[in-house]
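What follows is the content of protein12.csv (CSV, C-alpha atoms).
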chain,number,residue,atom,x,y,z
Y,1,GLY,CA,386.3,96.3,243.5
Y,2,GLY,CA,386.1,98.8,240.8
Y,3,ASP,CA,383.3,100.7,242.4
Y,4,GLY,CA,385.1,101.1,245.8
Y,5,LYS,CA,383.0,98.4,247.5
Y,6,ALA,CA,384.4,95.3,249.1
Y,7,LEU,CA,385.2,92.5,246.6
Y,8,SER,CA,384.5,88.9,247.8
Y,9,LEU,CA,386.7,86.2,246.2
Y,10,PRO,CA,386.7,82.4,246.6
Y,11,LEU,CA,389.8,81.6,248.6
Y,12,LEU,CA,391.2,78.0,248.7
Y,13,SER,CA,391.7,78.2,252.4
Y,14,ALA,CA,388.6,80.1,253.5
Y,15,GLY,CA,385.9,80.1,250.8
Y,16,PRO,CA,384.3,83.4,249.6
Y,17,ALA,CA,385.8,86.3,251.6
Y,18,ASP,CA,386.7,89.9,251.2
Y,19,THR,CA,389.4,89.8,253.9
Y,20,PHE,CA,392.2,87.4,254.9
Y,21,SER,CA,394.3,87.5,258.0
Y,22,GLY,CA,397.1,85.5,259.5
Y,23,THR,CA,400.4,85.5,261.3
Y,24,VAL,CA,403.7,85.5,259.3
Y,25,GLN,CA,406.4,84.0,261.4
Y,26,SER,CA,409.8,85.7,261.4
Y,27,GLY,CA,411.5,84.8,258.1
Y,28,GLY,CA,408.4,82.8,257.0
Y,29,SER,CA,405.5,83.4,254.7
Y,30,ILE,CA,401.8,82.7,254.2
Y,31,THR,CA,399.7,82.4,251.1
Y,32,ALA,CA,396.2,83.4,250.1
Y,33,GLN,CA,395.1,82.0,246.7
Y,34,THR,CA,391.8,82.3,244.8
Y,35,ASP,CA,390.4,79.1,243.3
Y,36,GLY,CA,389.9,80.5,239.7
Y,37,SER,CA,386.2,79.5,239.7
Y,38,GLY,CA,383.5,81.5,237.9
Y,39,VAL,CA,382.5,82.1,234.3
Y,40,SER,CA,383.2,85.9,234.4
Y,41,THR,CA,386.4,87.7,235.3
Y,42,GLN,CA,386.4,89.7,238.5
Y,43,ASN,CA,388.8,92.6,238.8
Y,44,GLY,CA,389.8,94.7,241.8
Y,45,TRP,CA,392.7,95.4,244.2
Y,46,ALA,CA,393.8,94.5,247.7
Y,47,ALA,CA,395.5,96.3,250.6
Y,48,LEU,CA,397.9,94.9,253.1
Y,49,SER,CA,397.6,96.3,256.7
Y,50,THR,CA,400.5,95.4,259.0
Y,51,ASP,CA,402.7,97.0,261.6
Y,52,SER,CA,405.6,94.6,260.8
Y,53,THR,CA,408.2,94.4,258.1
Y,54,VAL,CA,406.1,92.3,255.7
Y,55,GLY,CA,406.5,92.5,252.0
Y,56,GLY,CA,405.5,90.1,249.2
Y,57,SER,CA,404.1,89.7,245.7
Y,58,VAL,CA,401.0,88.6,243.9
Y,59,ILE,CA,401.2,86.0,241.1
Y,60,LEU,CA,398.5,86.2,238.4
Y,61,THR,CA,397.8,83.0,236.5
Y,62,SER,CA,395.8,82.7,233.3
Y,63,GLN,CA,395.1,79.4,231.5
Y,64,VAL,CA,393.0,79.1,228.3
Y,65,GLY,CA,391.8,75.6,227.4
Y,66,ALA,CA,394.6,73.0,227.2
Y,67,GLN,CA,397.4,75.6,226.8
Y,68,PRO,CA,400.0,75.8,229.6
Y,69,PRO,CA,399.3,78.5,232.2
Y,70,SER,CA,400.8,81.9,231.8
Y,71,GLU,CA,401.9,83.7,235.0
Y,72,VAL,CA,403.2,87.1,236.0
Y,73,GLY,CA,404.4,88.3,239.4
Y,74,LEU,CA,403.9,91.8,240.8
Y,75,PRO,CA,405.6,93.2,244.0
Y,76,LEU,CA,403.4,94.8,246.6
Y,77,ASN,CA,403.3,98.6,246.1
Y,78,SER,CA,403.8,100.8,249.1
Y,79,ALA,CA,403.3,104.2,247.3
Y,80,SER,CA,401.0,106.0,245.0
Y,81,SER,CA,401.6,109.1,242.9
Y,82,LYS,CA,399.7,111.8,241.0
Y,83,THR,CA,402.0,111.2,238.0
Y,84,LEU,CA,402.7,107.8,236.5
Y,85,TRP,CA,404.6,106.7,233.3
Y,86,MET,CA,403.9,103.3,231.8
Y,87,PRO,CA,405.1,101.7,228.5
Y,88,PHE,CA,402.5,100.5,226.1
Y,89,ASP,CA,402.7,98.2,223.0
Y,90,GLU,CA,400.1,98.0,220.3
Y,91,THR,CA,402.4,96.8,217.5
Y,92,ASN,CA,401.9,93.8,215.2
Y,93,THR,CA,405.2,92.1,214.4
Y,94,GLY,CA,403.8,88.6,213.7
Y,95,LEU,CA,402.2,88.7,217.1
Y,96,GLN,CA,399.5,91.2,217.8
Y,97,TYR,CA,400.3,93.0,221.1
Y,98,THR,CA,397.8,94.8,223.2
Y,99,THR,CA,398.2,96.6,226.5
Y,100,ILE,CA,395.9,96.6,229.5
Y,101,LEU,CA,396.0,99.5,232.0
Y,102,ALA,CA,395.0,99.0,235.6
Y,103,LEU,CA,394.8,101.8,238.1
Y,104,THR,CA,394.0,101.8,241.9
Y,105,ASN,CA,392.8,104.7,244.0
Y,106,ALA,CA,393.5,103.7,247.6
Y,107,GLY,CA,392.5,107.2,248.8
Y,108,THR,CA,389.3,108.6,250.2
Y,109,ALA,CA,388.5,111.0,247.4
Y,110,ASP,CA,387.5,110.3,243.8
Y,111,SER,CA,390.3,110.8,241.2
Y,112,VAL,CA,390.3,111.9,237.6
Y,113,ALA,CA,393.3,110.6,235.5
Y,114,VAL,CA,394.3,112.3,232.3
Y,115,LEU,CA,396.2,110.1,229.8
Y,116,SER,CA,398.6,111.5,227.2
Y,117,PHE,CA,400.9,109.5,224.9
Y,118,VAL,CA,404.4,109.7,223.4
Y,119,ASP,CA,405.6,107.2,220.8
Y,120,ASP,CA,409.0,105.3,221.1
Y,121,GLY,CA,410.6,108.1,219.0
Y,122,GLY,CA,409.7,110.7,221.6
Y,123,GLN,CA,407.0,112.3,219.5
Y,124,ALA,CA,403.7,113.2,221.1
Y,125,ILE,CA,400.7,111.2,219.8
Y,126,PRO,CA,397.8,113.7,219.4
Y,127,ILE,CA,395.2,111.9,221.5
Y,128,THR,CA,394.2,112.3,225.2
Y,129,GLY,CA,391.6,110.8,227.4
Y,130,THR,CA,390.3,110.7,231.0
Y,131,ILE,CA,389.5,107.9,233.4
Y,132,ASP,CA,387.5,108.3,236.5
Y,133,VAL,CA,388.8,106.1,239.4
Y,134,PRO,CA,386.5,106.3,242.5
Y,135,ALA,CA,387.7,106.5,246.0
Y,136,ASN,CA,388.9,103.1,247.2
Y,137,GLY,CA,388.2,101.9,243.7
Y,138,HIS,CA,389.9,100.4,240.7
Y,139,TYR,CA,389.9,100.6,236.9
Y,140,SER,CA,391.2,98.3,234.2
Y,141,GLY,CA,390.8,98.5,230.4
Y,142,ASP,CA,392.3,97.9,227.0
Y,143,LEU,CA,394.3,100.9,225.8
Y,144,GLY,CA,394.0,99.9,222.2
Y,145,ALA,CA,390.2,99.6,222.4
Y,146,MET,CA,390.0,103.0,224.2
Y,147,PHE,CA,392.3,104.7,221.8
Y,148,PRO,CA,392.2,103.1,218.3
Y,149,PRO,CA,394.8,105.6,216.9
Y,150,LEU,CA,397.4,103.7,219.0
Y,151,ALA,CA,397.3,100.7,216.6
Y,152,GLY,CA,400.7,99.9,215.4
Y,153,LYS,CA,402.5,102.1,217.9
Y,154,ARG,CA,404.6,101.6,221.0
Y,155,GLY,CA,405.6,104.2,223.5
Y,156,VAL,CA,404.7,105.6,226.9
Y,157,VAL,CA,401.5,106.7,228.4
Y,158,GLN,CA,401.7,109.5,231.0
Y,159,ILE,CA,399.0,109.5,233.7
Y,160,SER,CA,398.3,112.7,235.6
Y,161,SER,CA,395.7,112.4,238.3
Y,162,THR,CA,394.0,114.7,240.8
Y,163,ASN,CA,394.9,112.2,243.6
Y,164,GLY,CA,397.6,109.6,244.1
Y,165,LEU,CA,397.1,106.4,242.1
Y,166,ALA,CA,399.0,103.1,241.9
Y,167,GLY,CA,399.2,101.4,238.5
Y,168,VAL,CA,400.4,98.5,236.4
Y,169,GLY,CA,400.1,97.4,232.8
Y,170,TYR,CA,399.9,94.1,231.0
Y,171,ARG,CA,401.2,93.3,227.6
Y,172,PHE,CA,399.3,90.5,225.9
Y,173,ASN,CA,400.4,88.7,222.7
Y,174,GLY,CA,397.3,86.5,222.3
Y,175,THR,CA,398.6,83.5,224.3
Y,176,ALA,CA,400.8,84.9,227.1
Y,177,TYR,CA,401.3,88.2,229.0
Y,178,THR,CA,403.8,90.1,231.0
Y,179,ALA,CA,403.6,93.0,233.5
Y,180,LEU,CA,404.6,96.6,232.6
Y,181,PRO,CA,405.1,98.5,235.8
Y,182,ALA,CA,403.9,102.1,236.0
Y,183,LEU,CA,406.8,104.3,237.2
Y,184,SER,CA,406.7,107.1,239.6
Y,185,ASN,CA,409.2,109.2,241.5
Y,186,VAL,CA,412.0,107.8,239.5
Y,187,ALA,CA,415.4,108.5,241.1
Y,188,GLN,CA,418.3,109.9,239.2
Y,189,SER,CA,420.6,107.0,240.0
Y,190,SER,CA,422.1,103.9,238.5
Y,191,LYS,CA,419.9,100.9,238.3
Y,192,THR,CA,420.5,97.1,238.4
Y,193,ILE,CA,418.9,94.6,236.1
Y,194,PRO,CA,419.3,91.4,238.2
Y,195,HIS,CA,418.9,88.8,235.4
Y,196,LEU,CA,419.2,88.6,231.6
Y,197,VAL,CA,418.9,85.4,229.5
Y,198,ASN,CA,419.3,84.5,225.8
Y,199,GLY,CA,419.2,81.3,223.8
Y,200,SER,CA,417.3,78.0,223.8
Y,201,GLY,CA,414.2,80.0,222.9
Y,202,TRP,CA,414.8,82.8,225.4
Y,203,LYS,CA,415.3,86.5,224.6
Y,204,SER,CA,415.8,89.6,226.8
Y,205,ALA,CA,414.4,93.0,226.0
Y,206,ILE,CA,415.3,96.1,228.1
Y,207,TRP,CA,412.7,98.8,227.9
Y,208,LEU,CA,413.7,102.1,229.3
Y,209,VAL,CA,411.4,105.0,230.1
Y,210,ASN,CA,412.5,108.6,230.6
Y,211,ALA,CA,410.3,110.1,233.4
Y,212,GLY,CA,412.2,113.4,233.3
Y,213,LYS,CA,411.8,116.6,231.3
Y,214,GLN,CA,415.2,116.4,229.5
Y,215,PRO,CA,416.5,113.8,227.0
This entry written out as structure tokens:
Amino acid sequence: GGDGKALSLPLLSAGPADTFSGTVQSGGSITAQTDGSGVSTQNGWAALSTDSTVGGSVILTSQVGAQPPSEVGLPLNSASSKTLWMPFDETNTGLQYTTILALTNAGTADSVAVLSFVDDGGQAIPITGTIDVPANGHYSGDLGAMFPPLAGKRGVVQISSTNGLAGVGYRFNGTAYTALPALSNVAQSSKTIPHLVNGSGWKSAIWLVNAGKQP
């Protein structure tokens, strides 16, 4: 949970539990899924402990009323860093966008994260802030609510912390959302975008972040 204590969630296969275990057969998979019950939203993080070559992802699903569910998938993260870069979007172009930041401290010492912002033109936005993330703990919050001067802006937030953190962002448009990965240790190499789509209501947007010190 956010305070570093165990978080019990209602699992379809096991009921309320703060741990889940199983055997993944070679080339196979297993699934643990919460049941979505509860009138309040619980936030936290999970760790995978294994001595095998097991990877995976988590799929977050949100459904409001009779609207179709909105889903986003996140790969499991095997590394943390003292410096993260994450895009943010607080613009209003017919849809009002807002960005949620989530940080996890999987370490044994409390961490203080300092946030600084650059707009999409490369200019520093003159606001900063700090977030305390306890040992074994988690934080999530609305960047626009934390920093009202971000209204109407889009860019990158740089997160510098006293200890390694893992992070992710979510961009909401009021009815649906998508994940914005927090980048760290970005290699100077070519990258592959495995899928693009356009037409029949679909668009593609490629959002590049420069994690270096030179343009």
key: Shell around segment 137-147 of chain Y at 6 Å using only C-alpha atoms, local window under 2 positions removed, as JSON, numbers by chain   = {"Y": [1, 2, 3, 4, 44, 99, 100, 101, 102, 103, 104, 105, 133, 134, 135, 149, 150]}
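Between atom CA of Ser190 of chain Y and atom CA of Val58 of chain Y the separation is 26.6 Å.
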Nearby residues (all atoms listed in the file) at most 12 Å from Val24 of chain Y, same-chain spacing under 6 positions excluded, as a PDB file with C-alpha atoms, in the coordinates of the input:
ATOM      1  CA  ILE Y  30     401.800  82.700 254.200  1.00  0.00           C
ATOM      2  CA  THR Y  31     399.700  82.400 251.100  1.00  0.00           C
ATOM      3  CA  THR Y  50     400.500  95.400 259.000  1.00  0.00           C
ATOM      4  CA  ASP Y  51     402.700  97.000 261.600  1.00  0.00           C
ATOM      5  CA  SER Y  52     405.600  94.600 260.800  1.00  0.00           C
ATOM      6  CA  THR Y  53     408.200  94.400 258.100  1.00  0.00           C
ATOM      7  CA  VAL Y  54     406.100  92.300 255.700  1.00  0.00           C
ATOM      8  CA  GLY Y  55     406.500  92.500 252.000  1.00  0.00           C
ATOM      9  CA  GLY Y  56     405.500  90.100 249.200  1.00  0.00           C
TER      10      GLY Y  56
END
request  = Can you work out which one of Y:Ile193, Y:Ala113, Y:Leu7, Y:Ala179 has the shortest atom-to-atom distance to Leu165 of chain Y, counting all atoms listed in the file?
outcome  =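 Closest to Leu165 of chain Y of all the choices is Y:Ala113.
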Sorted by chain and rising residue number, list the residues of segment 38-141 of chain Y at most 12 Å from segment 172-175 of chain Y (counting all atoms listed in the file), each with its closest atom pair and distance in Å to one decimal, as a tab-separated table.
residue	atom	partner	partner_atom	distance
Y:Ser62	CA	Y:Thr175	CA	9.5
Y:Gln63	CA	Y:Thr175	CA	9.0
Y:Val64	CA	Y:Thr175	CA	8.2
Y:Gly65	CA	Y:Thr175	CA	10.9
Y:Ala66	CA	Y:Thr175	CA	11.6
Y:Gln67	CA	Y:Thr175	CA	8.4
Y:Pro68	CA	Y:Thr175	CA	9.5
Y:Pro69	CA	Y:Thr175	CA	9.4
Y:Ser70	CA	Y:Thr175	CA	8.0
Y:Glu71	CA	Y:Thr175	CA	11.2
Y:Val72	CA	Y:Phe172	CA	11.3
Y:Phe88	CA	Y:Phe172	CA	10.5
Y:Asp89	CA	Y:Phe172	CA	8.9
Y:Glu90	CA	Y:Phe172	CA	9.4
Y:Thr91	CA	Y:Asn173	CA	9.8
Y:Asn92	CA	Y:Asn173	CA	9.2
Y:Thr93	CA	Y:Asn173	CA	10.2
Y:Gly94	CA	Y:Asn173	CA	9.6
Y:Leu95	CA	Y:Asn173	CA	5.9
Y:Gln96	CA	Y:Asn173	CA	5.6
Y:Tyr97	CA	Y:Asn173	CA	4.6
Y:Thr98	CA	Y:Phe172	CA	5.3
Y:Thr99	CA	Y:Phe172	CA	6.2
Y:Ile100	CA	Y:Phe172	CA	7.9
Y:Leu101	CA	Y:Phe172	CA	11.4
inquiry  = Nearest residue to Val118 of chain Y out of Y:Ala211, Y:Ala205, Y:Leu9, Y:Ala47, using all atoms listed in the file?
reply    = Y:Ala211
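You will find atom CA of Lys213 of chain Y at 19.1 Å from atom CA of Thr128 of chain Y.
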inquiry  = If I take atom CA of Ser184 of chain Y and atom CA of Thr83 of chain Y, how far is one from the other in Å, to one decimal?
reply    = 6.4 Å
ask   = Taking all atoms listed in the file into account, which of Y:Thr162, Y:Ser116, Y:Thr108, Y:Thr19 comes nearest Trp85 of chain Y?
value =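 Of all the options, Y:Ser116 lies closest to Trp85 of chain Y.
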ask   = Which is closest to Ala106 of chain Y among Y:Asp18, Y:Gly121, Y:Lys5, Y:Pro87, if we use only C-alpha atoms?
value =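 Looking only at the distances to Ala106 of chain Y, the closest residue turns out to be Y:Lys5.
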key: Distance query 8 Å from (396.2, 82.4, 249.0) using all atoms listed in the file, result as an MDAnalysis selection string   = chainID Y and resid 11:13 30:34
Once you have the residues from the selection above, write them out as a short mmCIF file (atom, residue, chain, number, x, y, z; two decimals), keeping the file's coordinate frame, restricted to C-alpha atoms.
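File produced: result_38.cif:
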data_model
loop_
_atom_site.label_atom_id
_atom_site.label_comp_id
_atom_site.auth_asym_id
_atom_site.auth_seq_id
_atom_site.Cartn_x
_atom_site.Cartn_y
_atom_site.Cartn_z
CA LEU Y 11 389.80 81.60 248.60
CA LEU Y 12 391.20 78.00 248.70
CA SER Y 13 391.70 78.20 252.40
CA ILE Y 30 401.80 82.70 254.20
CA THR Y 31 399.70 82.40 251.10
CA ALA Y 32 396.20 83.40 250.10
CA GLN Y 33 395.10 82.00 246.70
CA THR Y 34 391.80 82.30 244.80
#
message = Which residues are near Gly212 of chain Y? Cut-off 10 Å, only C-alpha atoms, ignore same chain within fewer than 2 positions. Put them as a VMD selection string.
response = chain Y and resid 185 to 188 209 to 210 214 to 215
Residues as selected, C-alpha atoms, written as a tab-separated table (two decimals), keeping the file's coordinate frame, can you do that?
chain	number	residue	atom	x	y	z
Y	185	ASN	CA	409.20	109.20	241.50
Y	186	VAL	CA	412.00	107.80	239.50
Y	187	ALA	CA	415.40	108.50	241.10
Y	188	GLN	CA	418.30	109.90	239.20
Y	209	VAL	CA	411.40	105.00	230.10
Y	210	ASN	CA	412.50	108.60	230.60
Y	214	GLN	CA	415.20	116.40	229.50
Y	215	PRO	CA	416.50	113.80	227.00
Residue nearest Leu76 of chain Y among Y:Gly122, Y:Leu208, Y:Gly167, Y:Pro194 (counting all atoms listed in the file) =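 Comparing Y:Gly122, Y:Leu208, Y:Gly167, Y:Pro194 against Leu76 of chain Y, the winner is Y:Gly167.
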